[in-house]
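J.: Please read through the structure below; I'll follow up with questions.
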Amino acid sequence: MRFAIVESGGKQYRAVEGRTIEVDRLPVEAGKKFDFERILLMSDGDDILVGTPTISDILVKVTVVDHVRGPKIDRFKYRPKKRIRVRGGHRQQYTRLLVDFIGRPDEKREVEEAEPAPIVAEAPEAEEAPKVRKQAKAKKEPAAKPSTKKTSAKSATTKSASKKTDTKKK
């Protein structure tokens with residue numbers, strides 16, 4: 001599997017033959033083909049070419065698939081007690097590119113089909129049989145015994161509701 005590290009718009013991307021990459025929006029119409037100018041690294045199995053800073057004899061051909069917009073990012077500034085509430089947002093625009101060929105210009109070879117990226121799908125949940133609850137065993141109550149507790153009758157003393165008086169001596 002061949003791949004290359006290319007630079008576009010000041011950012012670096014890993015381009016694999018047969019796969020797509022999303023780069024910042026480029027001024028190229030959908031369906032057009034072009035070549036990347038800055039290739040920083042190319043790998044073909046165990047063979048690795050590293051540029052200083054770029055590789056001049058390697059070509060990365062891509063086709064513009066379409067132009068898409070990324071997810072919306074919401075921004076909200078809030079300052080309590082000052083009546084400041086500023087709401088804004090942003091959607092980045094991307095260009096989706098299909099990598100057609102990575103290699104030397106005079107090289108003729110078939111492009112390997114890249115293994116597809118693994119798609120994680122949720123497995124349908126199997127219906128579980130309802131669990132049968134065991135009935136709790138009834139507790140055996142001992143025979144009624146006469147109560148041995150003594151109830152003490154305390155004298156009910158009531159406090160007088162008289163007001164406390166200041167008893168300072170002068």
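Chain labels follow the order of the structure tokens: the first chain is A, the next B, and so on; residue numbering restarts at 1 in every chain, and ligands are counted from 1 in their shown order.
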For Gly88 of chain A, list every protein, DNA or RNA residue within 8 Å, evaluated using only C-alpha atoms, and leave out those in the same chain fewer than 6 positions away; present the list as a VMD selection string.
T.: chain A and resid 74 to 76
J.: Can you write out the residues you just picked, keeping C-alpha atoms, as a PDB file, in the first residue's frame?
T.:
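Wrote part.pdb, looks like this:
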```
ATOM      1  CA  ASP A  74     -21.564  27.295  17.629  1.00  0.00           C
ATOM      2  CA  ARG A  75     -20.007  30.114  19.624  1.00  0.00           C
ATOM      3  CA  PHE A  76     -21.744  31.936  22.457  1.00  0.00           C
TER       4      PHE A  76
END
```
J.: Using only C-alpha atoms, which residue out of A:Pro27, A:Gly18, A:Gly9, A:Pro53 lies closest to Ile102 of chain A?
T.: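 Closest residue, counting only C-alpha atoms: A:Gly18.
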J.: Could you pull out the strand (DSSP E or B) residues of segment 84-114 of chain A from DSSP and send them as a PyMOL selection string?
T.: chain A and resi 84-103
J.: For those residues, write N, CA and C atoms to a file as a compact mmCIF listing (two decimals), in the first residue's frame.
T.:
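again13.txt, written as the output of this step:
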```txt
# COMPACT_ATOMS: atom_id res chain seq x y z
N ILE A 84 -24.44 41.26 28.05
CA ILE A 84 -23.66 40.93 26.86
C ILE A 84 -23.94 39.49 26.50
N ARG A 85 -24.53 39.27 25.36
CA ARG A 85 -24.80 37.94 24.84
C ARG A 85 -24.53 37.98 23.35
N VAL A 86 -23.46 37.32 22.91
CA VAL A 86 -23.06 37.33 21.51
C VAL A 86 -23.10 35.90 21.00
N ARG A 87 -23.88 35.66 19.98
CA ARG A 87 -24.01 34.32 19.41
C ARG A 87 -23.46 34.35 18.00
N GLY A 88 -22.68 33.34 17.65
CA GLY A 88 -22.14 33.23 16.30
C GLY A 88 -21.84 31.80 15.99
N GLY A 89 -21.44 31.53 14.77
CA GLY A 89 -21.13 30.17 14.38
C GLY A 89 -20.25 30.15 13.15
N HIS A 90 -19.84 28.94 12.78
CA HIS A 90 -18.95 28.80 11.63
C HIS A 90 -19.10 27.41 11.05
N ARG A 91 -19.03 27.31 9.72
CA ARG A 91 -18.95 26.02 9.02
C ARG A 91 -17.80 26.09 8.04
N GLN A 92 -16.83 25.22 8.24
CA GLN A 92 -15.67 25.19 7.36
C GLN A 92 -16.04 24.52 6.04
N GLN A 93 -15.46 25.01 4.94
CA GLN A 93 -15.70 24.42 3.63
C GLN A 93 -14.50 23.55 3.26
N TYR A 94 -14.78 22.34 2.78
CA TYR A 94 -13.76 21.38 2.42
C TYR A 94 -13.91 20.95 0.97
N THR A 95 -12.82 20.44 0.40
CA THR A 95 -12.83 19.81 -0.92
C THR A 95 -12.46 18.35 -0.72
N ARG A 96 -13.31 17.45 -1.20
CA ARG A 96 -13.04 16.02 -1.08
C ARG A 96 -12.29 15.58 -2.33
N LEU A 97 -11.11 14.97 -2.11
CA LEU A 97 -10.23 14.56 -3.21
C LEU A 97 -10.07 13.04 -3.21
N LEU A 98 -10.09 12.43 -4.39
CA LEU A 98 -9.81 11.02 -4.55
C LEU A 98 -8.38 10.89 -5.05
N VAL A 99 -7.55 10.13 -4.33
CA VAL A 99 -6.14 9.97 -4.71
C VAL A 99 -6.08 8.88 -5.78
N ASP A 100 -5.66 9.28 -6.99
CA ASP A 100 -5.61 8.35 -8.12
C ASP A 100 -4.27 7.62 -8.21
N PHE A 101 -3.17 8.34 -8.05
CA PHE A 101 -1.87 7.76 -8.32
C PHE A 101 -0.81 8.40 -7.44
N ILE A 102 0.10 7.57 -6.92
CA ILE A 102 1.26 8.05 -6.18
C ILE A 102 2.48 7.33 -6.76
N GLY A 103 3.45 8.06 -7.26
CA GLY A 103 4.66 7.43 -7.79
C GLY A 103 5.44 8.35 -8.71
```
